[in-house]
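Dropping input.pdb in here (PDB, C-alpha atoms, pLDDT in the B column):
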```pdb
ATOM      1  CA  SER A   1     104.368  76.519 130.861  1.00 40.00           C
ATOM      2  CA  GLU A   2     102.686  73.284 129.784  1.00 52.00           C
ATOM      3  CA  TYR A   3     101.604  75.042 126.602  1.00 63.00           C
ATOM      4  CA  TYR A   4     105.124  75.570 125.301  1.00 78.00           C
ATOM      5  CA  PHE A   5     106.830  73.108 123.036  1.00 84.00           C
ATOM      6  CA  ASN A   6     109.761  71.638 124.933  1.00 86.00           C
ATOM      7  CA  SER A   7     112.211  68.746 124.809  1.00 91.00           C
ATOM      8  CA  SER A   8     109.920  66.391 126.720  1.00 91.00           C
ATOM      9  CA  LEU A   9     107.562  66.355 123.723  1.00 92.00           C
ATOM     10  CA  VAL A  10     110.107  65.473 121.044  1.00 96.00           C
ATOM     11  CA  ASN A  11     109.730  61.682 121.138  1.00 97.00           C
ATOM     12  CA  HIS A  12     105.946  61.936 121.129  1.00 96.00           C
ATOM     13  CA  TYR A  13     105.964  64.114 118.032  1.00 97.00           C
ATOM     14  CA  VAL A  14     108.395  61.815 116.252  1.00 98.00           C
ATOM     15  CA  SER A  15     106.105  58.864 116.979  1.00 98.00           C
ATOM     16  CA  LEU A  16     103.256  60.775 115.333  1.00 98.00           C
ATOM     17  CA  PHE A  17     105.404  61.618 112.318  1.00 98.00           C
ATOM     18  CA  LEU A  18     106.110  57.914 111.810  1.00 98.00           C
ATOM     19  CA  GLN A  19     102.439  57.071 111.405  1.00 98.00           C
ATOM     20  CA  ASP A  20     101.431  56.338 107.822  1.00 97.00           C
ATOM     21  CA  ASN A  21      98.536  58.786 107.905  1.00 97.00           C
ATOM     22  CA  TYR A  22     100.581  61.752 109.131  1.00 98.00           C
ATOM     23  CA  GLN A  23     100.696  64.403 106.404  1.00 97.00           C
ATOM     24  CA  LYS A  24     104.071  64.665 104.721  1.00 98.00           C
ATOM     25  CA  VAL A  25     105.270  67.026 102.022  1.00 98.00           C
ATOM     26  CA  LEU A  26     108.151  67.162  99.570  1.00 97.00           C
ATOM     27  CA  GLY A  27     108.508  63.407  99.767  1.00 94.00           C
ATOM     28  CA  ASN A  28     108.773  62.357 103.386  1.00 97.00           C
ATOM     29  CA  ARG A  29     108.924  65.588 105.392  1.00 98.00           C
ATOM     30  CA  PRO A  30     106.340  65.728 108.215  1.00 98.00           C
ATOM     31  CA  LEU A  31     104.297  68.932 108.059  1.00 98.00           C
ATOM     32  CA  LEU A  32     104.075  70.714 111.414  1.00 96.00           C
ATOM     33  CA  TYR A  33     102.403  74.018 112.318  1.00 94.00           C
ATOM     34  CA  PHE A  34     103.438  76.099 115.327  1.00 90.00           C
ATOM     35  CA  TYR A  35     101.173  78.723 116.876  1.00 86.00           C
ATOM     36  CA  ASN A  36     102.185  80.755 119.932  1.00 76.00           C
ATOM     37  CA  LEU A  37     104.092  77.901 121.542  1.00 68.00           C
ATOM     38  CA  TYR A  38     107.300  79.706 122.247  1.00 64.00           C
ATOM     39  CA  ASP A  39     109.499  80.304 125.249  1.00 69.00           C
ATOM     40  CA  ASN A  40     113.253  80.571 125.717  1.00 72.00           C
ATOM     41  CA  ASN A  41     113.708  76.803 125.335  1.00 80.00           C
ATOM     42  CA  THR A  42     111.571  76.326 122.239  1.00 84.00           C
ATOM     43  CA  ALA A  43     114.314  76.902 119.677  1.00 85.00           C
ATOM     44  CA  THR A  44     116.490  74.221 121.280  1.00 89.00           C
ATOM     45  CA  ALA A  45     113.585  71.769 121.435  1.00 91.00           C
ATOM     46  CA  VAL A  46     112.711  72.363 117.788  1.00 92.00           C
ATOM     47  CA  GLN A  47     116.270  71.630 116.732  1.00 94.00           C
ATOM     48  CA  GLN A  48     116.163  68.427 118.787  1.00 96.00           C
ATOM     49  CA  LEU A  49     112.929  67.551 116.998  1.00 97.00           C
ATOM     50  CA  ARG A  50     114.548  68.061 113.611  1.00 97.00           C
ATOM     51  CA  THR A  51     117.514  65.883 114.546  1.00 98.00           C
ATOM     52  CA  ALA A  52     115.416  63.103 116.097  1.00 98.00           C
ATOM     53  CA  THR A  53     113.062  63.018 113.127  1.00 98.00           C
ATOM     54  CA  MET A  54     115.818  62.668 110.556  1.00 98.00           C
ATOM     55  CA  ALA A  55     117.440  59.946 112.645  1.00 98.00           C
ATOM     56  CA  THR A  56     114.396  57.764 111.891  1.00 98.00           C
ATOM     57  CA  GLY A  57     114.932  58.079 108.139  1.00 98.00           C
ATOM     58  CA  LEU A  58     112.215  60.664 107.658  1.00 98.00           C
ATOM     59  CA  GLY A  59     113.016  63.996 106.113  1.00 98.00           C
ATOM     60  CA  GLU A  60     113.451  67.141 108.157  1.00 98.00           C
ATOM     61  CA  PRO A  61     110.107  68.367 109.518  1.00 98.00           C
ATOM     62  CA  TYR A  62     108.596  71.122 107.381  1.00 98.00           C
ATOM     63  CA  ILE A  63     107.763  73.657 110.059  1.00 95.00           C
ATOM     64  CA  VAL A  64     105.240  76.435 109.501  1.00 95.00           C
ATOM     65  CA  SER A  65     104.916  79.366 111.890  1.00 91.00           C
ATOM     66  CA  MET A  66     101.395  80.710 112.326  1.00 90.00           C
ATOM     67  CA  SER A  67     102.518  83.600 114.511  1.00 81.00           C
ATOM     68  CA  ALA A  68     103.913  86.972 113.598  1.00 68.00           C
ATOM     69  CA  GLY A  69     106.967  88.963 114.592  1.00 59.00           C
ATOM     70  CA  ASP A  70     109.957  87.620 116.474  1.00 50.00           C
ATOM     71  CA  ASP A  71     108.200  84.359 117.366  1.00 58.00           C
ATOM     72  CA  ARG A  72     108.687  83.235 113.786  1.00 65.00           C
ATOM     73  CA  ASN A  73     112.426  83.687 113.967  1.00 63.00           C
ATOM     74  CA  ASN A  74     112.795  81.690 117.169  1.00 74.00           C
ATOM     75  CA  ILE A  75     112.182  78.389 115.418  1.00 84.00           C
ATOM     76  CA  ASN A  76     113.660  79.158 111.989  1.00 88.00           C
ATOM     77  CA  PRO A  77     110.476  78.035 110.183  1.00 92.00           C
ATOM     78  CA  ASN A  78     110.448  76.700 106.646  1.00 95.00           C
ATOM     79  CA  ALA A  79     107.298  78.695 105.829  1.00 95.00           C
ATOM     80  CA  VAL A  80     104.807  81.081 107.399  1.00 94.00           C
ATOM     81  CA  SER A  81     101.041  81.210 107.603  1.00 95.00           C
ATOM     82  CA  ARG A  82      98.339  82.626 109.891  1.00 93.00           C
ATOM     83  CA  TYR A  83      95.952  81.159 112.446  1.00 92.00           C
ATOM     84  CA  VAL A  84      92.984  83.284 111.402  1.00 93.00           C
ATOM     85  CA  THR A  85      92.095  86.523 109.640  1.00 94.00           C
ATOM     86  CA  GLY A  86      89.887  88.367 112.093  1.00 92.00           C
ATOM     87  CA  GLY A  87      88.172  91.738 112.042  1.00 93.00           C
ATOM     88  CA  ASN A  88      86.110  94.135 114.093  1.00 92.00           C
ATOM     89  CA  ASN A  89      82.578  95.477 114.398  1.00 92.00           C
ATOM     90  CA  GLY A  90      80.969  93.076 111.972  1.00 94.00           C
ATOM     91  CA  ALA A  91      83.243  93.763 109.042  1.00 96.00           C
ATOM     92  CA  THR A  92      82.120  92.150 105.825  1.00 97.00           C
ATOM     93  CA  TYR A  93      83.664  88.843 104.908  1.00 97.00           C
ATOM     94  CA  ALA A  94      84.654  90.260 101.515  1.00 97.00           C
ATOM     95  CA  SER A  95      86.696  93.040 103.126  1.00 97.00           C
ATOM     96  CA  ARG A  96      88.602  90.608 105.322  1.00 97.00           C
ATOM     97  CA  ALA A  97      89.072  88.169 102.450  1.00 98.00           C
ATOM     98  CA  ALA A  98      90.886  90.936 100.588  1.00 98.00           C
ATOM     99  CA  VAL A  99      93.121  91.541 103.620  1.00 97.00           C
ATOM    100  CA  GLU A 100      93.808  87.841 103.789  1.00 98.00           C
ATOM    101  CA  GLN A 101      94.839  87.654 100.139  1.00 98.00           C
ATOM    102  CA  ASN A 102      97.154  90.618 100.681  1.00 98.00           C
ATOM    103  CA  SER A 103      98.827  88.737 103.533  1.00 96.00           C
ATOM    104  CA  TRP A 104      99.763  85.910 101.166  1.00 98.00           C
ATOM    105  CA  ASN A 105     101.503  88.355  98.860  1.00 98.00           C
ATOM    106  CA  ASN A 106     103.070  90.387 101.647  1.00 96.00           C
ATOM    107  CA  ASP A 107     104.774  87.321 103.081  1.00 95.00           C
ATOM    108  CA  LYS A 108     105.870  86.180  99.637  1.00 97.00           C
ATOM    109  CA  ASN A 109     107.296  89.625  98.869  1.00 97.00           C
ATOM    110  CA  MET A 110     109.322  89.408 102.085  1.00 94.00           C
ATOM    111  CA  GLY A 111     111.024  86.345 100.630  1.00 95.00           C
ATOM    112  CA  LYS A 112     109.203  83.827 102.771  1.00 94.00           C
ATOM    113  CA  LYS A 113     107.666  80.500 101.805  1.00 96.00           C
ATOM    114  CA  VAL A 114     103.913  80.725 102.340  1.00 97.00           C
ATOM    115  CA  ILE A 115     101.040  78.416 103.290  1.00 98.00           C
ATOM    116  CA  PRO A 116      97.947  80.495 102.431  1.00 98.00           C
ATOM    117  CA  ILE A 117      95.356  80.741 105.186  1.00 97.00           C
ATOM    118  CA  VAL A 118      91.667  80.650 104.207  1.00 98.00           C
ATOM    119  CA  THR A 119      89.406  81.865 106.997  1.00 97.00           C
ATOM    120  CA  LEU A 120      85.873  80.520 107.011  1.00 95.00           C
ATOM    121  CA  GLY A 121      84.624  82.932 109.643  1.00 92.00           C
ATOM    122  CA  TRP A 122      85.437  84.852 112.808  1.00 94.00           C
ATOM    123  CA  ASP A 123      82.903  85.569 115.546  1.00 92.00           C
ATOM    124  CA  PRO A 124      84.046  84.742 119.085  1.00 88.00           C
ATOM    125  CA  ARG A 125      81.229  86.689 120.757  1.00 85.00           C
ATOM    126  CA  PRO A 126      79.728  83.491 122.286  1.00 82.00           C
ATOM    127  CA  ARG A 127      82.895  83.176 124.359  1.00 80.00           C
ATOM    128  CA  VAL A 128      82.817  86.735 125.689  1.00 77.00           C
ATOM    129  CA  PRO A 129      80.355  86.292 128.594  1.00 72.00           C
ATOM    130  CA  VAL A 130      81.621  82.815 129.457  1.00 69.00           C
ATOM    131  CA  GLU A 131      85.362  83.416 129.423  1.00 64.00           C
ATOM    132  CA  ASN A 132      85.459  87.149 130.160  1.00 66.00           C
ATOM    133  CA  TRP A 133      86.790  87.925 126.712  1.00 62.00           C
ATOM    134  CA  GLY A 134      84.921  91.204 126.529  1.00 56.00           C
ATOM    135  CA  GLU A 135      87.866  93.556 126.947  1.00 61.00           C
ATOM    136  CA  ILE A 136      89.802  91.864 124.149  1.00 65.00           C
ATOM    137  CA  TYR A 137      87.216  90.390 121.802  1.00 67.00           C
ATOM    138  CA  GLY A 138      83.961  92.199 122.592  1.00 70.00           C
ATOM    139  CA  ASN A 139      83.871  93.972 119.217  1.00 86.00           C
ATOM    140  CA  SER A 140      85.998  91.473 117.315  1.00 89.00           C
ATOM    141  CA  TRP A 141      83.772  89.704 114.827  1.00 92.00           C
ATOM    142  CA  VAL A 142      83.229  89.381 111.093  1.00 95.00           C
ATOM    143  CA  GLN A 143      80.023  88.676 109.222  1.00 94.00           C
ATOM    144  CA  THR A 144      79.517  85.024 108.343  1.00 92.00           C
ATOM    145  CA  PRO A 145      80.292  84.381 104.667  1.00 95.00           C
ATOM    146  CA  THR A 146      77.868  82.946 102.220  1.00 96.00           C
ATOM    147  CA  VAL A 147      78.793  79.600 100.751  1.00 96.00           C
ATOM    148  CA  ASP A 148      79.729  81.367  97.521  1.00 98.00           C
ATOM    149  CA  GLU A 149      81.993  83.832  99.348  1.00 98.00           C
ATOM    150  CA  PHE A 150      83.848  81.021 101.084  1.00 98.00           C
ATOM    151  CA  SER A 151      84.099  79.073  97.823  1.00 98.00           C
ATOM    152  CA  ASN A 152      85.538  82.102  96.042  1.00 98.00           C
ATOM    153  CA  GLN A 153      88.160  82.636  98.739  1.00 98.00           C
ATOM    154  CA  LEU A 154      89.144  79.000  98.646  1.00 98.00           C
ATOM    155  CA  GLN A 155      89.391  79.115  94.863  1.00 98.00           C
ATOM    156  CA  SER A 156      91.563  82.229  95.125  1.00 98.00           C
ATOM    157  CA  ALA A 157      93.945  80.426  97.468  1.00 98.00           C
ATOM    158  CA  LEU A 158      94.237  77.472  95.122  1.00 98.00           C
ATOM    159  CA  GLU A 159      94.855  79.725  92.134  1.00 98.00           C
ATOM    160  CA  TRP A 160      97.401  81.760  94.101  1.00 98.00           C
ATOM    161  CA  SER A 161      99.225  78.564  95.003  1.00 98.00           C
ATOM    162  CA  SER A 162      99.264  77.433  91.381  1.00 98.00           C
ATOM    163  CA  SER A 163     100.665  80.802  90.320  1.00 98.00           C
ATOM    164  CA  ASN A 164     103.220  80.956  93.128  1.00 98.00           C
ATOM    165  CA  VAL A 165     104.699  77.469  93.221  1.00 98.00           C
ATOM    166  CA  GLU A 166     108.049  78.758  94.443  1.00 98.00           C
ATOM    167  CA  ALA A 167     106.454  80.491  97.438  1.00 98.00           C
ATOM    168  CA  ASN A 168     104.046  77.647  98.212  1.00 98.00           C
ATOM    169  CA  GLU A 169     106.502  74.884  97.456  1.00 98.00           C
ATOM    170  CA  VAL A 170     104.486  72.257  99.330  1.00 98.00           C
ATOM    171  CA  ASN A 171     101.237  72.963  97.426  1.00 97.00           C
ATOM    172  CA  THR A 172      99.245  73.205 100.647  1.00 97.00           C
ATOM    173  CA  ILE A 173      96.714  75.583 102.146  1.00 98.00           C
ATOM    174  CA  ILE A 174      95.216  75.673 105.624  1.00 98.00           C
ATOM    175  CA  ILE A 175      91.611  76.503 106.482  1.00 98.00           C
ATOM    176  CA  TYR A 176      90.335  78.069 109.676  1.00 97.00           C
ATOM    177  CA  SER A 177      88.738  75.938 110.922  1.00 95.00           C
ATOM    178  CA  TRP A 178      87.337  72.454 111.332  1.00 96.00           C
ATOM    179  CA  ASN A 179      85.492  72.871 114.639  1.00 94.00           C
ATOM    180  CA  GLU A 180      85.968  76.287 116.249  1.00 92.00           C
ATOM    181  CA  PHE A 181      82.245  76.392 116.963  1.00 89.00           C
ATOM    182  CA  ALA A 182      82.511  79.202 119.516  1.00 87.00           C
ATOM    183  CA  GLU A 183      84.670  81.364 117.248  1.00 89.00           C
ATOM    184  CA  GLY A 184      82.405  81.415 114.213  1.00 88.00           C
ATOM    185  CA  GLY A 185      84.421  79.471 111.659  1.00 90.00           C
ATOM    186  CA  SER A 186      83.581  75.797 111.299  1.00 92.00           C
ATOM    187  CA  LEU A 187      83.692  73.371 108.379  1.00 95.00           C
ATOM    188  CA  CYS A 188      82.289  70.591 110.539  1.00 94.00           C
ATOM    189  CA  PRO A 189      78.625  69.847 109.697  1.00 91.00           C
ATOM    190  CA  LEU A 190      76.189  71.307 112.222  1.00 85.00           C
ATOM    191  CA  ILE A 191      72.714  70.347 113.378  1.00 83.00           C
ATOM    192  CA  VAL A 192      70.315  73.169 112.538  1.00 72.00           C
ATOM    193  CA  PRO A 193      67.893  73.919 115.409  1.00 70.00           C
ATOM    194  CA  GLY A 194      64.241  74.040 114.458  1.00 67.00           C
ATOM    195  CA  PHE A 195      64.607  72.109 111.212  1.00 63.00           C
ATOM    196  CA  ASP A 196      64.003  68.557 112.430  1.00 70.00           C
ATOM    197  CA  GLU A 197      67.695  68.378 113.327  1.00 72.00           C
ATOM    198  CA  GLU A 198      68.725  68.725 109.709  1.00 84.00           C
ATOM    199  CA  ILE A 199      72.479  68.531 109.245  1.00 88.00           C
ATOM    200  CA  ASN A 200      73.999  71.545 107.538  1.00 88.00           C
ATOM    201  CA  SER A 201      77.131  70.523 105.651  1.00 93.00           C
ATOM    202  CA  SER A 202      77.064  73.374 103.139  1.00 94.00           C
ATOM    203  CA  PHE A 203      80.609  74.651 103.755  1.00 95.00           C
ATOM    204  CA  LEU A 204      82.087  71.159 103.759  1.00 96.00           C
ATOM    205  CA  ASP A 205      80.201  70.396 100.542  1.00 96.00           C
ATOM    206  CA  ALA A 206      81.560  73.607  99.038  1.00 97.00           C
ATOM    207  CA  LEU A 207      85.090  72.544  99.952  1.00 97.00           C
ATOM    208  CA  GLU A 208      84.612  69.266  98.142  1.00 97.00           C
ATOM    209  CA  THR A 209      83.193  71.014  95.077  1.00 98.00           C
ATOM    210  CA  VAL A 210      86.011  73.536  94.809  1.00 98.00           C
ATOM    211  CA  VAL A 211      88.846  71.075  95.445  1.00 97.00           C
ATOM    212  CA  SER A 212      87.451  68.442  93.094  1.00 96.00           C
ATOM    213  CA  GLY A 213      87.234  71.071  90.390  1.00 94.00           C
ATOM    214  CA  ASN A 214      90.946  71.777  90.644  1.00 89.00           C
TER     215      ASN A 214
END
```

Represent the supplied structure as structure tokens.
Amino acid sequence: SEYYFNSSLVNHYVSLFLQDNYQKVLGNRPLLYFYNLYDNNTATAVQQLRTATMATGLGEPYIVSMSAGDDRNNINPNAVSRYVTGGNNGATYASRAAVEQNSWNNDKNMGKKVIPIVTLGWDPRPRVPVENWGEIYGNSWVQTPTVDEFSNQLQSALEWSSSNVEANEVNTIIIYSWNEFAEGGSLCPLIVPGFDEEINSSFLDALETVVSGN
């Protein structure tokens, strides 16, 4: 499938790694997240990617798996994370935030390196009638957090990372998401209908406040 990572993509990824603005950790190791991009050839392609990257003088890519189960093992990731922390039937954000925090510790207790996921929101109901998601996602949604709830979860992830430097050795977190507008979790500023097209940047502003305070 075109969605799987394969050998034909190796040189393209290496060219991205070589760009000055590509995020690198632990010195000069390109940070790369994988999510559900696996088939029988993926493990071979990932090893080719590691070899080709180091041949340029960069460090070995620091690969993070955002999937669960056997998919993680296929690529021998350096750390694990999640794509999103979802929920059903309008669960409260606070209840899912607690589940999310438990996932950080569960992975750490399994001896894995961890990139904590911070979920801003989960509500894919707008996609249900358009993409026939009803059977899978019809009742899958979580209440939108307040700015304070999101800020508290973000602060918890930063504090967890500071207290678990061996598990989060790259001192990095990942936030869901920048622009998943149709899935209910978006940091990107939005135009608010009915308010003279006022731009709502409250979650992005909260991110700046929390990070600058740490």

**Asked** Between A:Met54, A:Thr144, A:Asn41, A:Phe34, which one has atoms that come closest to Phe17 (chain A), using only C-alpha atoms?
**Response** A:Met54

**Asked** On this structure, which residues satisfy the PyMOL selection byres ((chain A and resi 172) around 10), written as JSON, numbers by chain?
**Response** {"A": [25, 31, 114, 115, 116, 117, 157, 158, 161, 168, 169, 170, 171, 173, 174]}

Residues matched by the PyMOL selection byres ((chain A and resi 183) around 12), written as an mmCIF file with C-alpha atoms, in the coordinates of the input:
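Contents of selection_22.cif, as written:
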```cif
data_model
loop_
_atom_site.group_PDB
_atom_site.id
_atom_site.type_symbol
_atom_site.label_atom_id
_atom_site.label_comp_id
_atom_site.auth_asym_id
_atom_site.auth_seq_id
_atom_site.Cartn_x
_atom_site.Cartn_y
_atom_site.Cartn_z
ATOM 1 C CA VAL A 84 92.984 83.284 111.402
ATOM 2 C CA THR A 85 92.095 86.523 109.640
ATOM 3 C CA GLY A 86 89.887 88.367 112.093
ATOM 4 C CA THR A 119 89.406 81.865 106.997
ATOM 5 C CA LEU A 120 85.873 80.520 107.011
ATOM 6 C CA GLY A 121 84.624 82.932 109.643
ATOM 7 C CA TRP A 122 85.437 84.852 112.808
ATOM 8 C CA ASP A 123 82.903 85.569 115.546
ATOM 9 C CA PRO A 124 84.046 84.742 119.085
ATOM 10 C CA ARG A 125 81.229 86.689 120.757
ATOM 11 C CA PRO A 126 79.728 83.491 122.286
ATOM 12 C CA ARG A 127 82.895 83.176 124.359
ATOM 13 C CA VAL A 128 82.817 86.735 125.689
ATOM 14 C CA TRP A 133 86.790 87.925 126.712
ATOM 15 C CA TYR A 137 87.216 90.390 121.802
ATOM 16 C CA SER A 140 85.998 91.473 117.315
ATOM 17 C CA TRP A 141 83.772 89.704 114.827
ATOM 18 C CA VAL A 142 83.229 89.381 111.093
ATOM 19 C CA GLN A 143 80.023 88.676 109.222
ATOM 20 C CA THR A 144 79.517 85.024 108.343
ATOM 21 C CA TYR A 176 90.335 78.069 109.676
ATOM 22 C CA SER A 177 88.738 75.938 110.922
ATOM 23 C CA TRP A 178 87.337 72.454 111.332
ATOM 24 C CA ASN A 179 85.492 72.871 114.639
ATOM 25 C CA GLU A 180 85.968 76.287 116.249
ATOM 26 C CA PHE A 181 82.245 76.392 116.963
ATOM 27 C CA ALA A 182 82.511 79.202 119.516
ATOM 28 C CA GLY A 184 82.405 81.415 114.213
ATOM 29 C CA GLY A 185 84.421 79.471 111.659
ATOM 30 C CA SER A 186 83.581 75.797 111.299
ATOM 31 C CA LEU A 187 83.692 73.371 108.379
#
```

**Fill in**
Residue with the minimum atom-to-atom distance to Met110 (chain A), picked from A:Ala43, A:Leu16, A:Val80, A:Met66 with only C-alpha atoms counted, is A:Val80

Got a sec: who's within 12 Å of Asp20 (chain A), counting only C-alpha atoms, leaving out chain neighbours fewer than 4 positions off, as a PDB file with C-alpha atoms, keeping the file's coordinate frame?
```
ATOM      1  CA  SER A  15     106.105  58.864 116.979  1.00 98.00           C
ATOM      2  CA  LEU A  16     103.256  60.775 115.333  1.00 98.00           C
ATOM      3  CA  LYS A  24     104.071  64.665 104.721  1.00 98.00           C
ATOM      4  CA  ASN A  28     108.773  62.357 103.386  1.00 97.00           C
ATOM      5  CA  PRO A  30     106.340  65.728 108.215  1.00 98.00           C
ATOM      6  CA  LEU A  58     112.215  60.664 107.658  1.00 98.00           C
TER       7      LEU A  58
END
```

Surrounding residues of Ala97 (chain A) excluding itself and chain neighbours under 4 positions, 7 Å, all atoms listed in the file, as a PDB file with C-alpha atoms, in the frame of the given file:
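Generated output (result.pdb):
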```pdb
ATOM      1  CA  TYR A  93      83.664  88.843 104.908  1.00 97.00           C
ATOM      2  CA  GLN A 101      94.839  87.654 100.139  1.00 98.00           C
ATOM      3  CA  GLN A 153      88.160  82.636  98.739  1.00 98.00           C
TER       4      GLN A 153
END
```

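Taking CA of Asp205 (chain A) and CA of Gly90 (chain A) as the two end points, the separation is 25.4 Å.
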
**Request:** Calculate how many Å separate CA of Ala45 (chain A) from CA of Ile75 (chain A), rounding to one decimal.
**Result:**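 These two atoms are separated by 9.1 Å.
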